[in-house]
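Engineer: Coordinates in entry37.cif, mmCIF, C-alpha atoms, are listed below.
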data_input
loop_
_atom_site.group_PDB
_atom_site.id
_atom_site.type_symbol
_atom_site.label_atom_id
_atom_site.label_comp_id
_atom_site.auth_asym_id
_atom_site.auth_seq_id
_atom_site.Cartn_x
_atom_site.Cartn_y
_atom_site.Cartn_z
ATOM 1 C CA MET A 1 170.199 126.299 99.330
ATOM 2 C CA GLU A 2 171.779 122.887 99.817
ATOM 3 C CA TRP A 3 169.374 122.004 102.640
ATOM 4 C CA ILE A 4 166.308 122.550 100.463
ATOM 5 C CA GLU A 5 167.987 120.702 97.601
ATOM 6 C CA ARG A 6 168.543 117.677 99.839
ATOM 7 C CA LEU A 7 164.891 117.708 100.928
ATOM 8 C CA ASN A 8 163.861 117.682 97.278
ATOM 9 C CA SER A 9 166.305 114.860 96.599
ATOM 10 C CA ALA A 10 164.512 112.908 99.331
ATOM 11 C CA MET A 11 161.228 113.607 97.549
ATOM 12 C CA GLY A 12 162.784 112.241 94.368
ATOM 13 C CA TYR A 13 163.798 109.078 96.226
ATOM 14 C CA ILE A 14 160.174 108.598 97.345
ATOM 15 C CA GLU A 15 158.914 108.945 93.767
ATOM 16 C CA GLU A 16 161.438 106.399 92.528
ATOM 17 C CA HIS A 17 160.409 103.850 95.154
ATOM 18 C CA LEU A 18 156.632 104.147 95.326
ATOM 19 C CA THR A 19 156.326 100.611 93.939
ATOM 20 C CA ASP A 20 158.918 99.085 96.279
ATOM 21 C CA ASN A 21 160.311 99.639 99.762
ATOM 22 C CA ILE A 22 160.730 103.230 100.941
ATOM 23 C CA ASP A 23 163.514 103.220 103.505
ATOM 24 C CA TYR A 24 162.977 105.997 106.062
ATOM 25 C CA GLU A 25 166.600 105.707 107.195
ATOM 26 C CA GLN A 26 167.714 106.344 103.606
ATOM 27 C CA LEU A 27 165.489 109.420 103.459
ATOM 28 C CA GLY A 28 167.289 110.706 106.536
ATOM 29 C CA ARG A 29 170.680 110.005 104.976
ATOM 30 C CA ILE A 30 169.716 111.896 101.815
ATOM 31 C CA ALA A 31 168.571 114.870 103.905
ATOM 32 C CA CYS A 32 171.642 114.578 106.192
ATOM 33 C CA CYS A 33 169.655 114.033 109.364
ATOM 34 C CA SER A 34 168.046 111.171 111.262
ATOM 35 C CA ALA A 35 164.921 109.464 109.953
ATOM 36 C CA TYR A 36 163.076 110.779 113.005
ATOM 37 C CA HIS A 37 164.116 114.385 112.406
ATOM 38 C CA PHE A 38 163.291 114.069 108.717
ATOM 39 C CA GLN A 39 159.754 112.949 109.524
ATOM 40 C CA ARG A 40 159.264 115.793 111.983
ATOM 41 C CA MET A 41 160.517 118.353 109.475
ATOM 42 C CA PHE A 42 158.366 116.875 106.733
ATOM 43 C CA THR A 43 155.206 116.917 108.852
ATOM 44 C CA TYR A 44 155.691 120.544 109.890
ATOM 45 C CA MET A 45 156.622 121.745 106.392
ATOM 46 C CA ALA A 46 154.106 119.729 104.363
ATOM 47 C CA GLY A 47 151.190 119.845 106.801
ATOM 48 C CA VAL A 48 150.758 116.075 106.467
ATOM 49 C CA THR A 49 152.687 113.137 107.908
ATOM 50 C CA LEU A 50 155.229 111.356 105.743
ATOM 51 C CA SER A 51 153.335 108.060 105.781
ATOM 52 C CA GLU A 52 150.098 109.779 104.755
ATOM 53 C CA TYR A 53 151.868 111.613 101.926
ATOM 54 C CA ILE A 54 153.290 108.333 100.644
ATOM 55 C CA ARG A 55 149.856 106.714 100.902
ATOM 56 C CA ARG A 56 148.293 109.554 98.909
ATOM 57 C CA ARG A 57 150.926 109.339 96.196
ATOM 58 C CA LYS A 58 150.497 105.567 95.863
ATOM 59 C CA MET A 59 146.717 105.834 95.670
ATOM 60 C CA SER A 60 146.976 108.639 93.095
ATOM 61 C CA LEU A 61 149.060 106.390 90.852
ATOM 62 C CA ALA A 62 146.858 103.384 91.577
ATOM 63 C CA ALA A 63 143.820 105.333 90.355
ATOM 64 C CA VAL A 64 145.635 106.072 87.080
ATOM 65 C CA ASP A 65 146.511 102.401 86.705
ATOM 66 C CA LEU A 66 142.907 101.386 87.305
ATOM 67 C CA GLN A 67 141.672 103.849 84.697
ATOM 68 C CA GLY A 68 144.207 102.800 82.124
ATOM 69 C CA GLY A 69 143.517 99.151 81.418
ATOM 70 C CA ASP A 70 142.319 95.737 82.460
ATOM 71 C CA VAL A 71 145.015 94.917 85.001
ATOM 72 C CA LYS A 72 143.530 93.019 87.926
ATOM 73 C CA ILE A 73 142.975 94.969 91.122
ATOM 74 C CA ILE A 74 144.982 92.426 93.100
ATOM 75 C CA GLU A 75 147.971 93.035 90.805
ATOM 76 C CA ILE A 76 147.737 96.803 91.283
ATOM 77 C CA ALA A 77 147.460 96.266 95.046
ATOM 78 C CA GLY A 78 150.658 94.229 95.004
ATOM 79 C CA LYS A 79 152.412 96.806 92.860
ATOM 80 C CA TYR A 80 151.992 99.413 95.608
ATOM 81 C CA GLY A 81 152.913 97.128 98.483
ATOM 82 C CA TYR A 82 149.508 95.869 99.637
ATOM 83 C CA ASN A 83 149.501 92.140 100.287
ATOM 84 C CA SER A 84 145.720 91.787 100.450
ATOM 85 C CA PRO A 85 142.882 93.262 98.365
ATOM 86 C CA THR A 86 141.103 94.180 101.606
ATOM 87 C CA ALA A 87 143.959 96.393 102.813
ATOM 88 C CA PHE A 88 144.284 98.002 99.385
ATOM 89 C CA ASN A 89 140.533 98.579 99.163
ATOM 90 C CA ARG A 90 140.539 100.227 102.604
ATOM 91 C CA ALA A 91 143.442 102.518 101.728
ATOM 92 C CA PHE A 92 141.966 103.409 98.328
ATOM 93 C CA GLN A 93 138.556 104.276 99.771
ATOM 94 C CA ALA A 94 140.156 106.382 102.513
ATOM 95 C CA ILE A 95 141.795 108.557 99.833
ATOM 96 C CA HIS A 96 139.249 108.561 96.996
ATOM 97 C CA GLY A 97 135.981 107.804 98.796
ATOM 98 C CA ILE A 98 135.108 104.979 96.390
ATOM 99 C CA ALA A 99 136.103 101.346 95.882
ATOM 100 C CA PRO A 100 138.873 100.545 93.365
ATOM 101 C CA SER A 101 136.417 98.600 91.212
ATOM 102 C CA ALA A 102 134.272 101.733 90.748
ATOM 103 C CA VAL A 103 137.088 103.678 89.088
ATOM 104 C CA ARG A 104 136.680 101.790 85.838
ATOM 105 C CA SER A 105 133.198 103.225 85.345
ATOM 106 C CA GLU A 106 133.190 106.209 83.031
ATOM 107 C CA GLY A 107 132.732 109.616 84.631
ATOM 108 C CA VAL A 108 133.827 108.563 88.121
ATOM 109 C CA SER A 109 135.771 111.270 89.988
ATOM 110 C CA VAL A 110 139.039 110.460 91.778
ATOM 111 C CA LYS A 111 141.657 112.593 93.510
ATOM 112 C CA SER A 112 145.165 113.407 92.394
ATOM 113 C CA PHE A 113 147.964 114.301 94.812
ATOM 114 C CA PRO A 114 150.997 115.551 92.856
ATOM 115 C CA PRO A 115 154.570 115.123 94.110
ATOM 116 C CA LEU A 116 155.717 117.685 96.645
ATOM 117 C CA THR A 117 158.665 119.980 96.138
ATOM 118 C CA PHE A 118 160.085 122.373 98.706
ATOM 119 C CA LYS A 119 161.179 125.963 98.199
ATOM 120 C CA ILE A 120 161.951 128.879 100.458
ATOM 121 C CA THR A 121 159.180 131.429 100.900
ATOM 122 C CA ILE A 122 159.218 134.580 102.970
ATOM 123 C CA LYS A 123 156.659 134.486 105.750
ATOM 124 C CA GLY A 124 156.292 135.147 109.441
ATOM 125 C CA ALA A 125 156.268 138.801 110.398
ATOM 126 C CA GLU A 126 156.393 137.803 114.076
ATOM 127 C CA GLU A 127 159.887 137.828 115.563
ATOM 128 C CA MET A 128 161.538 134.696 116.952
ATOM 129 C CA ASN A 129 163.972 134.966 119.859
ATOM 130 C CA TYR A 130 166.686 132.334 120.121
ATOM 131 C CA ARG A 131 170.238 131.715 121.251
ATOM 132 C CA ILE A 132 172.906 129.234 120.139
ATOM 133 C CA GLU A 133 174.605 127.273 122.928
ATOM 134 C CA THR A 134 177.154 124.463 122.836
ATOM 135 C CA LYS A 135 176.903 122.190 125.873
ATOM 136 C CA GLU A 136 178.884 119.307 127.275
ATOM 137 C CA ALA A 137 177.217 115.929 127.721
ATOM 138 C CA PHE A 138 174.845 115.685 130.686
ATOM 139 C CA ARG A 139 173.011 112.890 132.460
ATOM 140 C CA ILE A 140 169.235 112.604 132.783
ATOM 141 C CA ILE A 141 167.033 110.145 134.677
ATOM 142 C CA GLY A 142 163.350 109.520 134.071
ATOM 143 C CA VAL A 143 160.814 107.341 132.325
ATOM 144 C CA SER A 144 160.708 106.561 128.626
ATOM 145 C CA SER A 145 158.579 105.076 125.890
ATOM 146 C CA PRO A 146 159.638 103.900 122.405
ATOM 147 C CA LEU A 147 158.846 106.230 119.537
ATOM 148 C CA HIS A 148 157.259 104.678 116.451
ATOM 149 C CA GLN A 149 158.593 104.961 112.931
ATOM 150 C CA GLU A 150 155.137 106.203 111.915
ATOM 151 C CA ILE A 151 155.476 109.534 113.645
ATOM 152 C CA GLU A 152 151.746 110.275 113.843
ATOM 153 C CA GLU A 153 151.428 107.510 116.437
ATOM 154 C CA ASN A 154 153.761 109.488 118.681
ATOM 155 C CA PHE A 155 151.304 112.395 118.716
ATOM 156 C CA ALA A 156 149.091 110.174 120.888
ATOM 157 C CA ILE A 157 151.821 108.387 122.888
ATOM 158 C CA VAL A 158 153.679 111.442 124.183
ATOM 159 C CA PRO A 159 150.667 113.370 125.599
ATOM 160 C CA GLN A 160 149.493 110.170 127.301
ATOM 161 C CA MET A 161 152.939 109.783 128.875
ATOM 162 C CA TRP A 162 152.681 113.255 130.390
ATOM 163 C CA GLN A 163 149.174 112.581 131.696
ATOM 164 C CA ASN A 164 150.352 109.352 133.317
ATOM 165 C CA ALA A 165 153.410 111.059 134.809
ATOM 166 C CA VAL A 166 151.169 113.637 136.485
ATOM 167 C CA ALA A 167 148.606 111.087 137.687
ATOM 168 C CA ASN A 168 151.060 108.552 139.144
ATOM 169 C CA GLY A 169 153.337 111.058 140.861
ATOM 170 C CA THR A 170 156.318 110.660 138.516
ATOM 171 C CA LEU A 171 156.629 114.390 137.815
ATOM 172 C CA GLU A 172 156.669 115.200 141.512
ATOM 173 C CA LYS A 173 159.294 112.503 142.103
ATOM 174 C CA LEU A 174 161.478 113.776 139.264
ATOM 175 C CA ALA A 175 161.309 117.347 140.532
ATOM 176 C CA GLY A 176 162.802 116.168 143.813
ATOM 177 C CA LEU A 177 165.736 114.531 142.022
ATOM 178 C CA MET A 178 166.652 117.522 139.831
ATOM 179 C CA ASP A 179 170.087 118.878 140.750
ATOM 180 C CA ALA A 180 171.887 119.741 137.495
ATOM 181 C CA GLN A 181 171.544 121.931 134.424
ATOM 182 C CA PRO A 182 169.268 122.367 132.573
ATOM 183 C CA MET A 183 166.951 122.945 135.528
ATOM 184 C CA GLY A 184 163.415 121.969 134.552
ATOM 185 C CA ILE A 185 161.282 118.994 133.648
ATOM 186 C CA LEU A 186 162.618 117.677 130.348
ATOM 187 C CA GLY A 187 160.951 116.078 127.348
ATOM 188 C CA VAL A 188 163.757 114.420 125.379
ATOM 189 C CA SER A 189 163.484 112.657 122.010
ATOM 190 C CA ALA A 190 166.648 110.562 121.893
ATOM 191 C CA CYS A 191 168.209 107.785 119.831
ATOM 192 C CA ASN A 192 169.991 104.863 121.529
ATOM 193 C CA GLU A 193 172.885 102.746 120.296
ATOM 194 C CA GLU A 194 170.493 100.446 118.395
ATOM 195 C CA ASN A 195 169.251 103.446 116.386
ATOM 196 C CA ALA A 196 165.864 103.239 118.105
ATOM 197 C CA TRP A 197 164.187 106.451 119.226
ATOM 198 C CA LYS A 198 162.685 106.989 122.679
ATOM 199 C CA TYR A 199 160.889 109.827 124.390
ATOM 200 C CA PHE A 200 161.976 110.588 127.941
ATOM 201 C CA ILE A 201 160.214 112.563 130.640
ATOM 202 C CA ALA A 202 163.188 113.284 132.829
ATOM 203 C CA VAL A 203 165.381 115.691 134.761
ATOM 204 C CA ALA A 204 169.102 116.413 134.729
ATOM 205 C CA SER A 205 170.466 114.745 137.843
ATOM 206 C CA THR A 206 173.521 113.211 139.496
ATOM 207 C CA LYS A 207 171.292 111.056 141.716
ATOM 208 C CA THR A 208 170.164 107.470 141.156
ATOM 209 C CA ASP A 209 166.807 105.771 141.508
ATOM 210 C CA ALA A 210 166.166 102.087 140.822
ATOM 211 C CA GLY A 211 162.791 102.847 139.241
ATOM 212 C CA LEU A 212 164.109 105.341 136.699
ATOM 213 C CA GLU A 213 166.072 105.016 133.464
ATOM 214 C CA GLU A 214 169.352 106.799 132.814
ATOM 215 C CA TYR A 215 170.433 108.440 129.560
ATOM 216 C CA ILE A 216 173.481 110.546 128.686
ATOM 217 C CA VAL A 217 172.594 113.447 126.418
ATOM 218 C CA PRO A 218 175.620 113.837 124.132
ATOM 219 C CA ALA A 219 177.572 117.053 123.793
ATOM 220 C CA SER A 220 176.067 119.145 121.034
ATOM 221 C CA THR A 221 175.116 122.598 119.849
ATOM 222 C CA TRP A 222 171.496 123.657 120.227
ATOM 223 C CA ALA A 223 169.367 126.496 118.949
ATOM 224 C CA ILE A 224 167.254 127.378 121.989
ATOM 225 C CA PHE A 225 163.877 129.087 121.622
ATOM 226 C CA PRO A 226 161.915 130.371 124.649
ATOM 227 C CA GLY A 227 158.144 130.135 124.737
ATOM 228 C CA THR A 228 155.079 130.504 126.940
ATOM 229 C CA GLY A 229 151.517 129.253 126.800
ATOM 230 C CA THR A 230 149.749 125.925 126.787
ATOM 231 C CA ASN A 231 151.314 122.600 125.887
ATOM 232 C CA LEU A 232 149.831 122.942 122.397
ATOM 233 C CA SER A 233 151.875 126.095 121.856
ATOM 234 C CA VAL A 234 155.062 123.989 122.065
ATOM 235 C CA GLN A 235 154.074 122.263 118.826
ATOM 236 C CA ASP A 236 153.267 125.631 117.264
ATOM 237 C CA LEU A 237 156.731 126.914 118.185
ATOM 238 C CA GLU A 238 158.409 123.764 116.817
ATOM 239 C CA GLN A 239 156.535 124.209 113.546
ATOM 240 C CA ARG A 240 157.672 127.836 113.265
ATOM 241 C CA ILE A 241 161.270 126.831 113.967
ATOM 242 C CA VAL A 242 161.268 124.264 111.158
ATOM 243 C CA THR A 243 159.290 126.241 108.586
ATOM 244 C CA GLU A 244 160.442 129.822 109.291
ATOM 245 C CA TRP A 245 163.779 129.815 111.103
ATOM 246 C CA LEU A 246 165.664 126.699 109.994
ATOM 247 C CA PRO A 247 165.520 127.131 106.175
ATOM 248 C CA THR A 248 167.319 130.505 106.244
ATOM 249 C CA SER A 249 169.305 130.208 109.483
ATOM 250 C CA GLY A 250 172.536 128.810 108.102
ATOM 251 C CA TYR A 251 172.037 125.763 110.326
ATOM 252 C CA GLU A 252 170.718 122.257 109.754
ATOM 253 C CA TYR A 253 169.440 119.525 112.044
ATOM 254 C CA ALA A 254 172.221 117.674 113.866
ATOM 255 C CA ASN A 255 171.960 114.058 115.009
ATOM 256 C CA ALA A 256 171.321 114.749 118.668
ATOM 257 C CA PRO A 257 168.193 114.766 120.861
ATOM 258 C CA ASP A 258 165.403 117.305 120.610
ATOM 259 C CA ILE A 259 164.734 118.698 124.079
ATOM 260 C CA GLU A 260 161.803 120.508 125.654
ATOM 261 C CA VAL A 261 162.707 122.236 128.928
ATOM 262 C CA TYR A 262 159.654 123.035 131.035
ATOM 263 C CA LEU A 263 160.722 125.758 133.435
ATOM 264 C CA ASN A 264 157.174 125.973 134.738
ATOM 265 C CA PRO A 265 155.196 122.825 133.814
ATOM 266 C CA ASP A 266 151.753 124.382 134.342
ATOM 267 C CA PRO A 267 149.811 122.973 131.344
ATOM 268 C CA GLN A 268 147.758 126.161 131.007
ATOM 269 C CA ASN A 269 150.554 128.706 131.458
ATOM 270 C CA ALA A 270 153.826 126.916 130.797
ATOM 271 C CA GLN A 271 157.208 128.589 130.499
ATOM 272 C CA TYR A 272 159.473 126.453 128.373
ATOM 273 C CA GLU A 273 162.364 126.259 125.953
ATOM 274 C CA VAL A 274 162.619 124.204 122.779
ATOM 275 C CA TRP A 275 166.150 122.960 122.055
ATOM 276 C CA ILE A 276 166.843 121.968 118.447
ATOM 277 C CA PRO A 277 170.221 120.265 117.793
ATOM 278 C CA VAL A 278 171.992 122.095 114.981
ATOM 279 C CA VAL A 279 175.170 122.175 112.980
ATOM 280 C CA LYS A 280 176.434 124.876 110.632
ATOM 281 C CA CYS A 281 175.569 124.074 107.023
ATOM 282 C CA SER A 282 179.201 124.534 106.014
ATOM 283 C CA ASP A 283 180.248 121.912 108.596
ATOM 284 C CA LYS A 284 177.907 119.217 107.307
ATOM 285 C CA LYS A 285 179.407 117.985 104.067
#
Before anything else, please render the file you have as structure tokens.
Structural biologist:
Amino acid sequence: MEWIERLNSAMGYIEEHLTDNIDYEQLGRIACCSAYHFQRMFTYMAGVTLSEYIRRRKMSLAAVDLQGGDVKIIEIAGKYGYNSPTAFNRAFQAIHGIAPSAVRSEGVSVKSFPPLTFKITIKGAEEMNYRIETKEAFRIIGVSSPLHQEIEENFAIVPQMWQNAVANGTLEKLAGLMDAQPMGILGVSACNEENAWKYFIAVASTKTDAGLEEYIVPASTWAIFPGTGTNLSVQDLEQRIVTEWLPTSGYEYANAPDIEVYLNPDPQNAQYEVWIPVVKCSDKK
């Protein structure tokens, strides 16, 4: 499938640029999606974040370089983008459990992380319910926080945002302002005009509030998946969507926001929907 082929082309780009700058935006362009969506897909499909995968590949090659000659450690550090021996030493030990200088001793064990390739496998006997809906643009108001390029940092930022919104009364305030579809407390990962990603906790509303930020969700088509359970189950559902449904669905990620619609925001027994922006594969040439 073309979608899988593009993912593997992105993997090829990473291999070609392990000794220079790896442009996350270029990875998104190769995969025909945003850099943010590419990182999310990669993390769910590979079971490791993109930045950690790149770090492992660099340290695998660095270990080979250290074993193969008398090149100075500082030169090998620079080759893989580390400006100081201290930073390189820290990264190398995190992967291999030993200092770079120890690799040159005979019989020392190091780790090898080969390049990843993607292929379609049949899995998931459990059914997945979904519907495809095309919606006009709609307005949301709420609070936001920037999303980092290193997506693993967002795994800490977003839960903290929700905790703060509960503690400081923001969720209660937003619920009182909700007056448009989709009805529910929204978690929206959106890109602004400067190509910077933000996460909103918001509601669809025609009202205004000086303390809240406005964003217009663009018209798009979404694949909408219902779910129930704890907040952690949202991530489980998103992973199943990317690894089980998306590869064989005939759709690909579109450049529009991801949306979580919490119909019942009880953290222990939530009812929610996950909206994934999609476009038909045949329409994305």
Engineer: Could you tell me which residues the PyMOL selection byres ((chain A and resi 11) around 9) grabs in this file, written as an MDAnalysis selection string?
Structural biologist: chainID A and resid 6:10 12:16 27 115:118
Engineer: What does the distance from CA of Ala31 in chain A to CA of Ile140 in chain A come to in Å, to one decimal?
Structural biologist: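 Between CA of Ala31 in chain A and CA of Ile140 in chain A the gap works out to 29.0 Å.
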Engineer: For the structure shown, which residues end up in the PyMOL selection byres ((chain A and resi 66-69) around 9)? Put them as a PyMOL selection string, please?
Structural biologist: chain A and resi 61-65+70-73+76+100-101+103-106
Engineer: Can those selected residues be exported to a file as a PDB file, in the coordinates of the input so that it contains C-alpha atoms?
Structural biologist:
ATOM      1  CA  LEU A  61     149.060 106.390  90.852  1.00  0.00           C
ATOM      2  CA  ALA A  62     146.858 103.384  91.577  1.00  0.00           C
ATOM      3  CA  ALA A  63     143.820 105.333  90.355  1.00  0.00           C
ATOM      4  CA  VAL A  64     145.635 106.072  87.080  1.00  0.00           C
ATOM      5  CA  ASP A  65     146.511 102.401  86.705  1.00  0.00           C
ATOM      6  CA  ASP A  70     142.319  95.737  82.460  1.00  0.00           C
ATOM      7  CA  VAL A  71     145.015  94.917  85.001  1.00  0.00           C
ATOM      8  CA  LYS A  72     143.530  93.019  87.926  1.00  0.00           C
ATOM      9  CA  ILE A  73     142.975  94.969  91.122  1.00  0.00           C
ATOM     10  CA  ILE A  76     147.737  96.803  91.283  1.00  0.00           C
ATOM     11  CA  PRO A 100     138.873 100.545  93.365  1.00  0.00           C
ATOM     12  CA  SER A 101     136.417  98.600  91.212  1.00  0.00           C
ATOM     13  CA  VAL A 103     137.088 103.678  89.088  1.00  0.00           C
ATOM     14  CA  ARG A 104     136.680 101.790  85.838  1.00  0.00           C
ATOM     15  CA  SER A 105     133.198 103.225  85.345  1.00  0.00           C
ATOM     16  CA  GLU A 106     133.190 106.209  83.031  1.00  0.00           C
TER      17      GLU A 106
END
Engineer: For Ala99 in chain A, list every protein, DNA or RNA residue within 7 Å, evaluated using only C-alpha atoms, and leave out those in the same chain fewer than 4 positions away; present the list as a PDB file with C-alpha atoms, keeping the file's coordinate frame.
Structural biologist:
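The new file part-v3.pdb reads:
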ATOM      1  CA  ASN A  89     140.533  98.579  99.163  1.00  0.00           C
ATOM      2  CA  PHE A  92     141.966 103.409  98.328  1.00  0.00           C
ATOM      3  CA  GLN A  93     138.556 104.276  99.771  1.00  0.00           C
TER       4      GLN A  93
END
Engineer: Work out how far apart CA of Ala210 in chain A and CA of Asn264 in chain A are and give it in Å to one decimal.
Structural biologist: 26.2 Å
Engineer: What are the nearest atom pairs, with distances in Å to one decimal, for all residues of range 196-259 of chain A that come at most 10 Å from range 173-185 of chain A, using only C-alpha atoms, set out by chain and rising residue number as a Markdown table?
Structural biologist:
| residue | atom | partner | partner_atom | distance |
| --- | --- | --- | --- | --- |
| A:Ile201 | CA | A:Ile185 | CA | 7.2 |
| A:Ala202 | CA | A:Ile185 | CA | 6.1 |
| A:Val203 | CA | A:Ile185 | CA | 5.4 |
| A:Ala204 | CA | A:Ala180 | CA | 5.1 |
| A:Ser205 | CA | A:Asp179 | CA | 5.1 |
| A:Thr206 | CA | A:Asp179 | CA | 6.7 |
| A:Lys207 | CA | A:Leu177 | CA | 6.6 |
| A:Thr208 | CA | A:Leu177 | CA | 8.4 |
| A:Asp209 | CA | A:Leu177 | CA | 8.8 |
| A:Leu212 | CA | A:Leu174 | CA | 9.2 |
Engineer: Return as a list in words the set of residues that the PyMOL selection byres ((chain A and resi 146-162) around 6) yields on the displayed structure.
Structural biologist: Ser145, Gln163, Asn164, Ala165, Trp197 and Lys198 of chain A
Engineer: Counting all atoms listed in the file, which residue out of A:Leu246, A:Val217, A:Ile4, A:Ala94 sits closest to Lys119 in chain A?
Structural biologist: A:Ile4
Engineer: Need to verify the contact set: Ile216 in chain A, 9 Å, only C-alpha atoms, exclusion of same-chain residues closer than 5 positions in sequence. Can you return it as a ChimeraX atom specification?
Structural biologist: /A:137-141
Engineer: Using all atoms listed in the file for the distances, tell me which of A:Asn255, A:Ser84, A:Thr243, A:Ser220 is nearest to Ala35 in chain A.
Structural biologist: A:Asn255
Engineer: May I ask which of the residues A:Leu186, A:Gly211, A:Thr228, A:Val278 is the closest one to Trp245 in chain A, counting only C-alpha atoms?
Structural biologist: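 Among the listed residues, the smallest separation from Trp245 in chain A belongs to A:Val278.
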Engineer: For range 66-71 of chain A, take all atoms listed in the file, fit an axis-aligned box around them, add 8 Å to each of the six sides, then output centre and edge lengths in Å rounded to one decimal, as lines of an AutoDock Vina configuration file.
Structural biologist:
center_x = 143.3
center_y = 99.4
center_z = 84.4
size_x = 19.3
size_y = 24.9
size_z = 21.9
Engineer: With distances taken over all atoms listed in the file, which of A:Thr170, A:Thr221, A:Asn129, A:Gln268 is nearest to Arg240 in chain A?
Structural biologist: A:Asn129
Engineer: Which residue is closest to Cys191 in chain A? Choose from A:Pro257, A:Pro277, A:Pro85, A:Gly250 and count only C-alpha atoms.
Structural biologist: A:Pro257
Engineer: Around (154.5, 130.0, 115.4) in the file's frame, which residues reach within 12 Å when counting all atoms listed in the file? Return as a list in words?
Structural biologist: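 In the file's frame, the residues around the point are Tyr44, Lys123, Gly124, Ala125, Glu126, Glu127, Met128, Asn129, Phe225, Pro226, Gly227, Thr228, Gly229, Leu232, Ser233, Val234, Gln235, Asp236, Leu237, Glu238, Gln239, Arg240, Ile241, Val242, Thr243, Glu244 and Trp245 of chain A.
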Engineer: Please compute the CA of Leu263 in chain A-CA of Val188 in chain A distance, one decimal, in Å.
Structural biologist: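 Between CA of Leu263 in chain A and CA of Val188 in chain A the gap works out to 14.2 Å.
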Engineer: Under the rule that all atoms listed in the file are counted, which of A:Thr86, A:Ala167, A:Tyr215, A:Val108 is the nearest residue to Gly142 in chain A?
Structural biologist: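 Using all atoms listed in the file, the shortest distance to Gly142 in chain A belongs to A:Tyr215.
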Engineer: Using only C-alpha atoms, which residues sit within 9 Å of His96 in chain A once same-chain residues fewer than 5 positions away are excluded, as a list in words?
Structural biologist: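 Contacts, with the query itself left out: Met59, Ser60, Ala63, Ala91, Ser109, Val110, Lys111 and Ser112 of chain A.
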Engineer: Got time to write the residues from that selection, C-alpha atoms, as a compact mmCIF listing (two decimals), in the frame of the given file?
Structural biologist:
# COMPACT_ATOMS: atom_id res chain seq x y z
CA MET A 59 146.72 105.83 95.67
CA SER A 60 146.98 108.64 93.10
CA ALA A 63 143.82 105.33 90.36
CA ALA A 91 143.44 102.52 101.73
CA SER A 109 135.77 111.27 89.99
CA VAL A 110 139.04 110.46 91.78
CA LYS A 111 141.66 112.59 93.51
CA SER A 112 145.16 113.41 92.39
